[in-house]
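What follows is a set of notes on a single structure, which appears directly below.
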Amino acid sequence: MYRIRTGRFCNIHAFTVLVVALLIPASGASQTGEVSEATEACLDCHSSISPGIVADWQRSRHARVSVDDALLKPMLERRVAPSGFPDEMRGIVVGCAECHALLPDKHEDSYEHNEYEIHTVVSPVDCAMCHSKEFEDYSGNIMSFAHTNLTENELYLDLMSSTNGIYHLANGVLHVTESDDVAAGASCLSCHGTRVTVERFVTRDTDLGDMPFPVLSGWPNTGVGRINPDGSRGSCTSCHARHQFSIEMARKPGTCSQCHKGPDVPAFKVYQVSKHGNIFSSVGDEWNYDAVPWRIGADFSAPTCATCHMSLLVDEDGSVIAERTHKMNDRLDQRIFGLIYAHPYPSSPNTTVITNKAGLPLPTELTGESASEFLIGEEEQSRRRETMMAVCKSCHSASWVAGHFDLLDKTVQATDSMTLAATEIVASIWQQGFAEGLPHGGNIFDEAIEKKWVEQWLFFANSTRFAAAMAGTDYGVFANGRWYLAKNLVEMEEWLSLQTRISE
Amino acid sequence: MYRIRTGRFCNIHAFTVLVVALLIPASGASQTGEVSEATEACLDCHSSISPGIVADWQRSRHARVSVDDALLKPMLERRVAPSGFPDEMRGIVVGCAECHALLPDKHEDSYEHNEYEIHTVVSPVDCAMCHSKEFEDYSGNIMSFAHTNLTENELYLDLMSSTNGIYHLANGVLHVTESDDVAAGASCLSCHGTRVTVERFVTRDTDLGDMPFPVLSGWPNTGVGRINPDGSRGSCTSCHARHQFSIEMARKPGTCSQCHKGPDVPAFKVYQVSKHGNIFSSVGDEWNYDAVPWRIGADFSAPTCATCHMSLLVDEDGSVIAERTHKMNDRLDQRIFGLIYAHPYPSSPNTTVITNKAGLPLPTELTGESASEFLIGEEEQSRRRETMMAVCKSCHSASWVAGHFDLLDKTVQATDSMTLAATEIVASIWQQGFAEGLPHGGNIFDEAIEKKWVEQWLFFANSTRFAAAMAGTDYGVFANGRWYLAKNLVEMEEWLSLQTRISE
Amino acid sequence: MYRIRTGRFCNIHAFTVLVVALLIPASGASQTGEVSEATEACLDCHSSISPGIVADWQRSRHARVSVDDALLKPMLERRVAPSGFPDEMRGIVVGCAECHALLPDKHEDSYEHNEYEIHTVVSPVDCAMCHSKEFEDYSGNIMSFAHTNLTENELYLDLMSSTNGIYHLANGVLHVTESDDVAAGASCLSCHGTRVTVERFVTRDTDLGDMPFPVLSGWPNTGVGRINPDGSRGSCTSCHARHQFSIEMARKPGTCSQCHKGPDVPAFKVYQVSKHGNIFSSVGDEWNYDAVPWRIGADFSAPTCATCHMSLLVDEDGSVIAERTHKMNDRLDQRIFGLIYAHPYPSSPNTTVITNKAGLPLPTELTGESASEFLIGEEEQSRRRETMMAVCKSCHSASWVAGHFDLLDKTVQATDSMTLAATEIVASIWQQGFAEGLPHGGNIFDEAIEKKWVEQWLFFANSTRFAAAMAGTDYGVFANGRWYLAKNLVEMEEWLSLQTRISE
């Protein structure tokens, strides 16, 4: 006999559901709150033109709760902090027009559509009208600069062009052509974000006659550092997918996996083989992902990504264990995503300001030493680690937590050492002229042996560190971990040795 | 406090469930409809001999609905289109005997079993008795020729033998032995399908005394292009797993992942890191996977594989957005699974008829030019793309969809260029005699450098294209994507350069 | 309209839930049974200090059922077999103190904590107080020796040191430093288990004043072969995660995936792309994972890892199909995890006793011949295979099962042949002095070409075998399967050939 999937303590909820079922009419549509006249107009056509979008929105909290009502919630439960939102929005729920017709003067992509001024690309500035705290946090988040930090760094641009560039063979020699912006949008910038600009406006023949539409370059895109037509940075829909904008979805690890699963940053894969990920996969369908604040133990029994890194957490009594933040590294003392080595987090989300002693736009020297003046200091590092440890201690003893961070710190040291050895080999290769690198002003990422060096830190050292940080061992051993750190290194040494022999 | 997992608009359903609970008896068994005498006989023994099979069938729609009743459904909801099925089946549900004792004369593996003529291997011809439309669609589906297209193509056979063959070292040199059929069944043919034949009949001592059973070669197998003892192609259970034959299962992406997850065709992995996959993993357990037709928005809020490629989709009003098809490429204008380059889909599911200008059994030349006469034309390509775009537009604006396909097209071009460069290098290697290839009539897939060339198109170009097609970026960048396209290419160039140097 | 996720036959359950909802008060806490005075004292503080731990425990069966009550269950349903547990535990549920204050004299890490003698590391000996059968089974399980078998084998230690060791470049040459114990804990020993010892006791300043705590080395760890401070082997929490100790979790494949997903032992990945894994992912959320005994068909419709390898299985009538075992290889006739070749399972869980004819601590010769005297014989192999086949036959016909095992056996032979060829090449390399190996007494795992040889058996042969064993084809072909077995082999041959040429 199959059983109903219920949480073990939720019987009373089953009762509530029943009572509610007896009192509330059946239609889904009737559950949406009062919508504005403008939104009503949108829905009139788009219910049939874009049924998926409308149904999605109907499921959203936006469709059911007005901002006024949202403001009646107790402080810890409140999800909005309006920054001067228009009086017209009082009493109505947040529908199509409330976002797509907001602040028309600010939006370069604004256009007249059935007598309304609307824009396609809703930006963080629009969202900030009600969610000012999240906007502010996110503006200080290094992810909001993901486009800028990548595309305005000479060294990273070399990495991009040697990855995305198109190669042609001419006279037996490979030549690389710069890839166009479109390619970048399907590659690095898919996660980092494109620059979205209005190319032109066109008139299209629709069921309702000729209508103007903007043609956007860098579109579609929901990268975290997207530069919007209004100049703002980021895309809230990176994680809060349109048009449910569901906190449940953002709190589940699938969201983060969209950009954090590859060999360069295998956070999600590590999570999956961790005890936390195992518990999530086994019994996570019984948890409450909607609760604000999020009660450790009562609402869930193992963390998702959001739990440790972002969410407002309280204990059974409602005492705050960690404050909500949309500055993703607020609980992280060091950046284990190595560039080229692990290092304390940059002080500013804009990392294009960083120059190391050697004049390179990197947060460390090629020897591993930190470019300290651009990075957070020890005090801030301690504060962040303590914040994270407080989360850990809700379920783990102090000695468990201390042991865990000791493992992480030792692992970071070990991977940095393995990267240093590889860097010394590639430096020797450059020096002996077996590859064109730093001394020759060449692209340091485009030759076969250089790519092996890149993999040492970008794949294997990163993977090993993430595995330690989140206790998902596979990715620290045979799955892109220590096995490959060692193998890659001895292969690099062998390559250099072969070059030396055949050059003699 | 845990909550019950319910859809957000389903309160009335909770109520319905309650009422139903009060009216319907508890026993699962009582829910199966009237079974035939023959099926009754099967169940008598097999309930205890094969409890898993029987319980599975009890959960199936087959166990609850007779074909007559199924025919009473409105046209769009109807799942059956009988082609002269026997009168005996009227009024009874589809049980064991209705499939395993059908058309005994057509089944080479038919044998007497407890006074009934039954066969082990139920084939598409059996299923077609009630599901004629699906049978017809599938017969035009390239997957139905998956066995034939692979095993009757000289070039692909070379790829198979150099992959599955067993190597021995003799006098310091590797020799490859043809692998046996059994090995192929655990390898390529596990997905492509084996040829199932009756080797002989044996008598086995059972609890009920001596009984005859067929010994089948190529068994077990559920590959999509399986050649059955009755000569038919395919296995409906590839996707509709026995014995629930659940549409829910076939619509969920795990089914497709069985054969579409590897580095050669990482469709499922790409889906997982796409926004669609994220939404499915986050809230997909609240969707309705059983509804026919499938209502976009109402039944689900993001597509699974089946949604875009196969299912009958309607909007809120029941207007058809896309017709159901079991011809999997009916909404695909090009085959991005490169052989060796992307190309328009073959016109016939039987690709053994294709010969390119160079005389090779390939849909393109080695330069990338299409073998056009064997492939669909531009008009058909347009029709298919428009069908797919109509699905996209249910949830995305026209400009979003146009931008997406622009990204895909540019990505296809880029990956074909990267493949061309690799092909030119390997051609040069053959020409200079550093490997035995086309000019020498050798197997072009069996030497180390040739295998690198294969990976360029079979792994890295394919992965990059799938990543663009389904917006799962990782697999277009560092996870078998552009990073490897470039790395593999410069390594191939370096290999050639080394050979040249040490040969001087 | 969304539907409620219910099993298809569970309407009566919905009714039950409702009735229960009307009768039972809402509070979760009230559902825990009577706790001991000592546990009450723990909960007083830890409810707020460690809310996650306490909430987890509240969800556990331990919190609801006393051992006396557990003993009232019919034999097949019984989960406990007490071995002289203390009288004080009669009538009370199993709370904090019942495990953490048990047998204080046996625990080196025992210390006074708020007037109770408690220990941090609960060991299998503690669990055995109520679960003696599981303890006994597990003691004969090779996994309980995972730490010992790895760290007390000279050859495996070489593999560990060349994987975990930290490399430094000195005078242009790589040198490896032994890694410290901490690194091993984040690497191999994370799964194999550390040796946990009490380093010292410290006094910490807490909210309740100064309190003593042990400082443990090798902590935290939940590896399967952990050596505990009391000398016992293993950690039940490896699979039964604290503090729910849920059988549901242990039965779900996510648990096994923590250590069985990497390229060396990709069991979970193979399962995911198998038909079994597909069914689990599609409809597995409707199954009953708590039932003891576990009824095939009624409780689930496809196996998880536990089903085939461990669980007590019965048919509809309650007849036993397979007995429960915590000796994981009790249904496995051969170890397909190759060291270096597949072989019959070792007779003793302690494999440090094994020495092959060549004097190496390996279960086979380097030629593949079994070190038979240390391995189970044919009779025991037959018994184990028959046990497994009985499970298969609950859902598959005899001819299906026979065909499946034929595929597996042929695959094992093929992969062993591919390993033999690679071993002969590396032996030739050692002999010719191109690498320092067995003849020179060197580490046979630390040079680039040796690492390719390791990958032949540890990654590619293993993956191919697991793919055949569990019918998840991808991992037997292009995903670390036959494609790589062949590619790696011809690359090894090419490497040897290059060395020969440039040495001339």
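Labels used: A, B, ... for chains in the order of the structure tokens, numbers from 1 for residues in each chain, and numbers from 1 for ligands as shown.
Excluding Glu424 of chain A and any residue on its chain fewer than 3 positions from it, the residues at most 12 Å away by only C-alpha atoms are Leu366, Thr367, Gly368, Ser417, Met418, Thr419, Leu420, Ala421, Ala427, Ser428, Ile429, Trp430, Gln431, Glu450, Trp453, Leu489, Met492, Glu493 and Leu496 of chain A; Tyr167, His168, Leu169, Ala170, Asn171, Gly172, Val173 and Leu174 of chain C.
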- Message: For the strand (DSSP E or B) assignment from backbone DSSP, which residues of segment 293-429 of chain A qualify? Please present them as a PyMOL selection string.
- Response: chain A and resi 294-296+300+313-314+320-322+334-335+343-344+346+364+370+375
List as a CSV table (one decimal) with N, CA and C atoms, in the first residue's frame the protein and nucleic acid residues near Thr355 of chain B, meaning an atom at most 12 Å away when only C-alpha atoms are counted, but skip any in the same chain fewer than 2 places from it.
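Saved result, selection-v9.csv, follows:
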chain,number,residue,atom,x,y,z
B,153,ASN,N,26.5,0.1,-41.2
B,153,ASN,CA,27.2,1.2,-41.7
B,153,ASN,C,28.7,0.9,-41.5
B,154,GLU,N,29.4,0.7,-42.6
B,154,GLU,CA,30.8,0.3,-42.5
B,154,GLU,C,31.7,1.1,-41.5
B,155,LEU,N,31.4,2.4,-41.7
B,155,LEU,CA,32.3,3.4,-40.9
B,155,LEU,C,31.9,3.3,-39.4
B,346,PRO,N,18.1,13.6,-41.6
B,346,PRO,CA,17.9,12.7,-42.8
B,346,PRO,C,16.5,12.6,-43.1
B,351,THR,N,19.1,5.4,-42.4
B,351,THR,CA,20.2,6.2,-42.9
B,351,THR,C,21.3,5.4,-43.6
B,352,THR,N,21.1,4.1,-43.7
B,352,THR,CA,22.1,3.3,-44.4
B,352,THR,C,22.1,3.6,-45.9
B,353,VAL,N,21.0,4.3,-46.4
B,353,VAL,CA,21.0,4.6,-47.8
B,353,VAL,C,21.9,5.8,-48.1
B,357,LYS,N,29.4,12.6,-51.3
B,357,LYS,CA,30.1,12.6,-52.6
B,357,LYS,C,31.4,11.9,-52.6
B,358,ALA,N,32.0,11.8,-51.4
B,358,ALA,CA,33.3,11.1,-51.3
B,358,ALA,C,33.1,9.6,-51.1
B,359,GLY,N,31.8,9.2,-51.2
B,359,GLY,CA,31.6,7.7,-51.1
B,359,GLY,C,31.5,7.2,-49.7
B,360,LEU,N,31.5,8.1,-48.7
B,360,LEU,CA,31.4,7.6,-47.3
B,360,LEU,C,30.0,7.6,-46.9
B,361,PRO,N,29.6,6.7,-46.0
B,361,PRO,CA,28.2,6.6,-45.5
B,361,PRO,C,28.0,7.6,-44.4
B,362,LEU,N,28.1,8.9,-44.8
B,362,LEU,CA,28.0,10.0,-43.8
B,362,LEU,C,27.1,11.0,-44.4
B,363,PRO,N,26.3,11.7,-43.5
B,363,PRO,CA,25.4,12.8,-43.9
B,363,PRO,C,26.0,14.1,-44.3
B,364,THR,N,27.3,14.2,-44.1
B,364,THR,CA,28.1,15.3,-44.6
B,364,THR,C,29.4,14.9,-45.2
B,365,GLU,N,30.0,15.8,-45.9
B,365,GLU,CA,31.4,15.5,-46.4
B,365,GLU,C,32.3,15.7,-45.2
B,370,SER,N,26.8,19.4,-46.5
B,370,SER,CA,25.7,18.4,-46.3
B,370,SER,C,25.6,17.5,-47.5
B,371,ALA,N,25.2,16.3,-47.3
B,371,ALA,CA,24.9,15.3,-48.3
B,371,ALA,C,23.4,15.6,-48.6
B,372,SER,N,23.1,16.7,-49.2
B,372,SER,CA,21.7,17.3,-49.2
B,372,SER,C,20.6,16.4,-49.7
B,373,GLU,N,20.9,15.6,-50.7
B,373,GLU,CA,19.9,14.8,-51.3
B,373,GLU,C,19.3,13.8,-50.3
B,374,PHE,N,20.0,13.5,-49.3
B,374,PHE,CA,19.5,12.5,-48.3
B,374,PHE,C,18.9,13.2,-47.1
B,375,LEU,N,18.9,14.5,-47.1
B,375,LEU,CA,18.5,15.2,-45.9
B,375,LEU,C,17.2,16.1,-46.2
- Can you tell me, as a count of residues only, what residues are no more than 8 Å from Val198 of chain A when counting only C-alpha atoms, ignoring any on the same chain fewer than 3 positions away? 8
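Of note, atom CA of Gly165 of chain C and atom CA of Glu491 of chain C are spaced 26.2 Å apart.
Counting from atom CA of Ser187 of chain C, the distance to atom CA of Ser463 of chain A is 12.1 Å.
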Mind checking which residues fall within 9 Å of segment 308-322 of chain A, counting only C-alpha atoms, ignoring those fewer than 4 positions away in the same chain, and posting them as an mmCIF file with N, CA and C atoms, in the first residue's frame?
data_model
loop_
_atom_site.group_PDB
_atom_site.id
_atom_site.type_symbol
_atom_site.label_atom_id
_atom_site.label_comp_id
_atom_site.auth_asym_id
_atom_site.auth_seq_id
_atom_site.Cartn_x
_atom_site.Cartn_y
_atom_site.Cartn_z
ATOM 1 N N LEU A 76 10.360 40.026 11.334
ATOM 2 C CA LEU A 76 11.189 38.905 10.877
ATOM 3 C C LEU A 76 10.563 38.176 9.689
ATOM 4 N N ARG A 251 15.727 28.695 -2.790
ATOM 5 C CA ARG A 251 16.357 28.023 -1.659
ATOM 6 C C ARG A 251 16.782 26.603 -1.992
ATOM 7 N N VAL A 292 9.514 32.222 6.268
ATOM 8 C CA VAL A 292 10.405 33.329 6.612
ATOM 9 C C VAL A 292 9.967 33.823 7.976
ATOM 10 N N PRO A 293 10.838 33.808 8.970
ATOM 11 C CA PRO A 293 12.212 33.295 8.943
ATOM 12 C C PRO A 293 12.225 31.770 8.834
ATOM 13 N N TRP A 294 13.411 31.240 8.591
ATOM 14 C CA TRP A 294 13.569 29.802 8.367
ATOM 15 C C TRP A 294 14.054 29.171 9.673
ATOM 16 N N ARG A 295 13.231 28.283 10.227
ATOM 17 C CA ARG A 295 13.561 27.717 11.531
ATOM 18 C C ARG A 295 14.369 26.429 11.410
ATOM 19 N N ILE A 296 15.591 26.488 11.870
ATOM 20 C CA ILE A 296 16.472 25.314 11.828
ATOM 21 C C ILE A 296 15.855 24.176 12.632
ATOM 22 N N GLY A 297 15.815 23.026 12.032
ATOM 23 C CA GLY A 297 15.252 21.866 12.721
ATOM 24 C C GLY A 297 13.764 21.739 12.463
ATOM 25 N N ALA A 298 13.015 22.801 12.720
ATOM 26 C CA ALA A 298 11.570 22.726 12.547
ATOM 27 C C ALA A 298 11.194 22.728 11.072
ATOM 28 N N PRO A 303 20.941 21.562 5.605
ATOM 29 C CA PRO A 303 20.975 22.819 4.859
ATOM 30 C C PRO A 303 20.980 22.626 3.346
ATOM 31 N N THR A 304 20.379 23.567 2.643
ATOM 32 C CA THR A 304 20.629 23.728 1.221
ATOM 33 C C THR A 304 21.666 24.848 1.090
ATOM 34 N N HIS A 326 21.917 39.110 0.832
ATOM 35 C CA HIS A 326 22.063 38.829 -0.593
ATOM 36 C C HIS A 326 23.474 39.189 -1.065
ATOM 37 N N LYS A 327 24.352 39.381 -0.088
ATOM 38 C CA LYS A 327 25.784 39.529 -0.392
ATOM 39 C C LYS A 327 26.370 38.160 -0.108
ATOM 40 N N MET A 328 26.566 37.401 -1.173
ATOM 41 C CA MET A 328 26.759 35.961 -1.026
ATOM 42 C C MET A 328 27.978 35.561 -0.214
ATOM 43 N N ASN A 329 28.975 36.452 -0.132
ATOM 44 C CA ASN A 329 30.177 36.064 0.607
ATOM 45 C C ASN A 329 30.185 36.619 2.030
ATOM 46 N N ASP A 330 29.045 37.013 2.498
ATOM 47 C CA ASP A 330 28.973 37.614 3.823
ATOM 48 C C ASP A 330 29.307 36.635 4.933
ATOM 49 N N ARG A 331 29.255 35.353 4.622
ATOM 50 C CA ARG A 331 29.606 34.343 5.636
ATOM 51 C C ARG A 331 30.850 33.553 5.208
ATOM 52 N N LEU A 332 31.595 34.120 4.248
ATOM 53 C CA LEU A 332 32.769 33.425 3.694
ATOM 54 C C LEU A 332 34.019 34.256 3.923
ATOM 55 N N THR A 387 30.275 33.916 11.710
ATOM 56 C CA THR A 387 28.881 33.894 11.266
ATOM 57 C C THR A 387 28.537 32.519 10.701
ATOM 58 N N MET A 388 29.428 32.014 9.870
ATOM 59 C CA MET A 388 29.177 30.696 9.291
ATOM 60 C C MET A 388 29.178 29.618 10.361
ATOM 61 N N ALA A 390 28.396 29.801 13.388
ATOM 62 C CA ALA A 390 27.172 29.842 14.191
ATOM 63 C C ALA A 390 26.084 29.008 13.518
ATOM 64 N N VAL A 391 26.050 29.052 12.211
ATOM 65 C CA VAL A 391 25.082 28.223 11.481
ATOM 66 C C VAL A 391 25.409 26.746 11.690
ATOM 67 N N CYS A 392 26.680 26.394 11.512
ATOM 68 C CA CYS A 392 27.089 24.995 11.670
ATOM 69 C C CYS A 392 26.701 24.452 13.049
ATOM 70 N N SER A 394 24.371 24.981 14.957
ATOM 71 C CA SER A 394 22.968 24.644 15.226
ATOM 72 C C SER A 394 22.744 23.143 15.154
ATOM 73 N N SER C 47 18.060 22.010 23.311
ATOM 74 C CA SER C 47 16.974 22.460 22.439
ATOM 75 C C SER C 47 17.275 23.834 21.873
ATOM 76 N N SER C 48 17.936 24.665 22.669
ATOM 77 C CA SER C 48 18.261 25.986 22.132
ATOM 78 C C SER C 48 19.700 26.062 21.635
ATOM 79 N N ILE C 49 20.607 25.279 22.233
ATOM 80 C CA ILE C 49 22.006 25.325 21.782
ATOM 81 C C ILE C 49 22.159 24.608 20.436
ATOM 82 N N SER C 50 21.498 23.492 20.259
ATOM 83 C CA SER C 50 21.622 22.709 19.019
ATOM 84 C C SER C 50 20.237 22.333 18.515
ATOM 85 N N PRO C 51 19.468 23.333 18.104
ATOM 86 C CA PRO C 51 18.074 23.048 17.709
ATOM 87 C C PRO C 51 17.969 22.031 16.575
ATOM 88 N N GLY C 52 18.939 22.023 15.696
ATOM 89 C CA GLY C 52 18.897 21.093 14.577
ATOM 90 C C GLY C 52 19.005 19.651 15.024
#
Close residues, segment 110-118 of chain B itself excluded, 8 Å, only C-alpha atoms, min 6 positions apart in chain, as a compact mmCIF listing (two decimals) with C-alpha atoms, in the first residue's frame:
# COMPACT_ATOMS: atom_id res chain seq x y z
CA ALA B 38 -6.39 -16.10 -19.65
CA ALA B 97 -2.56 -12.37 -21.89
CA HIS B 100 1.77 -11.80 -24.27
CA ALA B 101 -0.73 -14.05 -26.04
CA LEU B 102 -1.57 -11.72 -28.89
CA PRO B 104 0.77 -16.02 -31.66
CA MET B 211 7.99 -26.57 -18.92
CA PRO B 212 9.40 -25.38 -22.24
CA PHE B 213 11.01 -21.95 -22.57
CA PRO B 214 12.70 -20.19 -25.47
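Minimum atom-to-atom distances from A:Glu447, A:Glu504, A:Asp406, A:Glu369 to chain C were compared using only C-alpha atoms, and the lowest value belongs to A:Asp406.
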- Looking only at the backbone, which of the residues in segment 164-327 of chain A does DSSP tag as alpha helix (DSSP H), as number ranges by chain? A: 164, 181-186, 188-192, 247-251, 253-257, 267-272, 275-283, 305-309
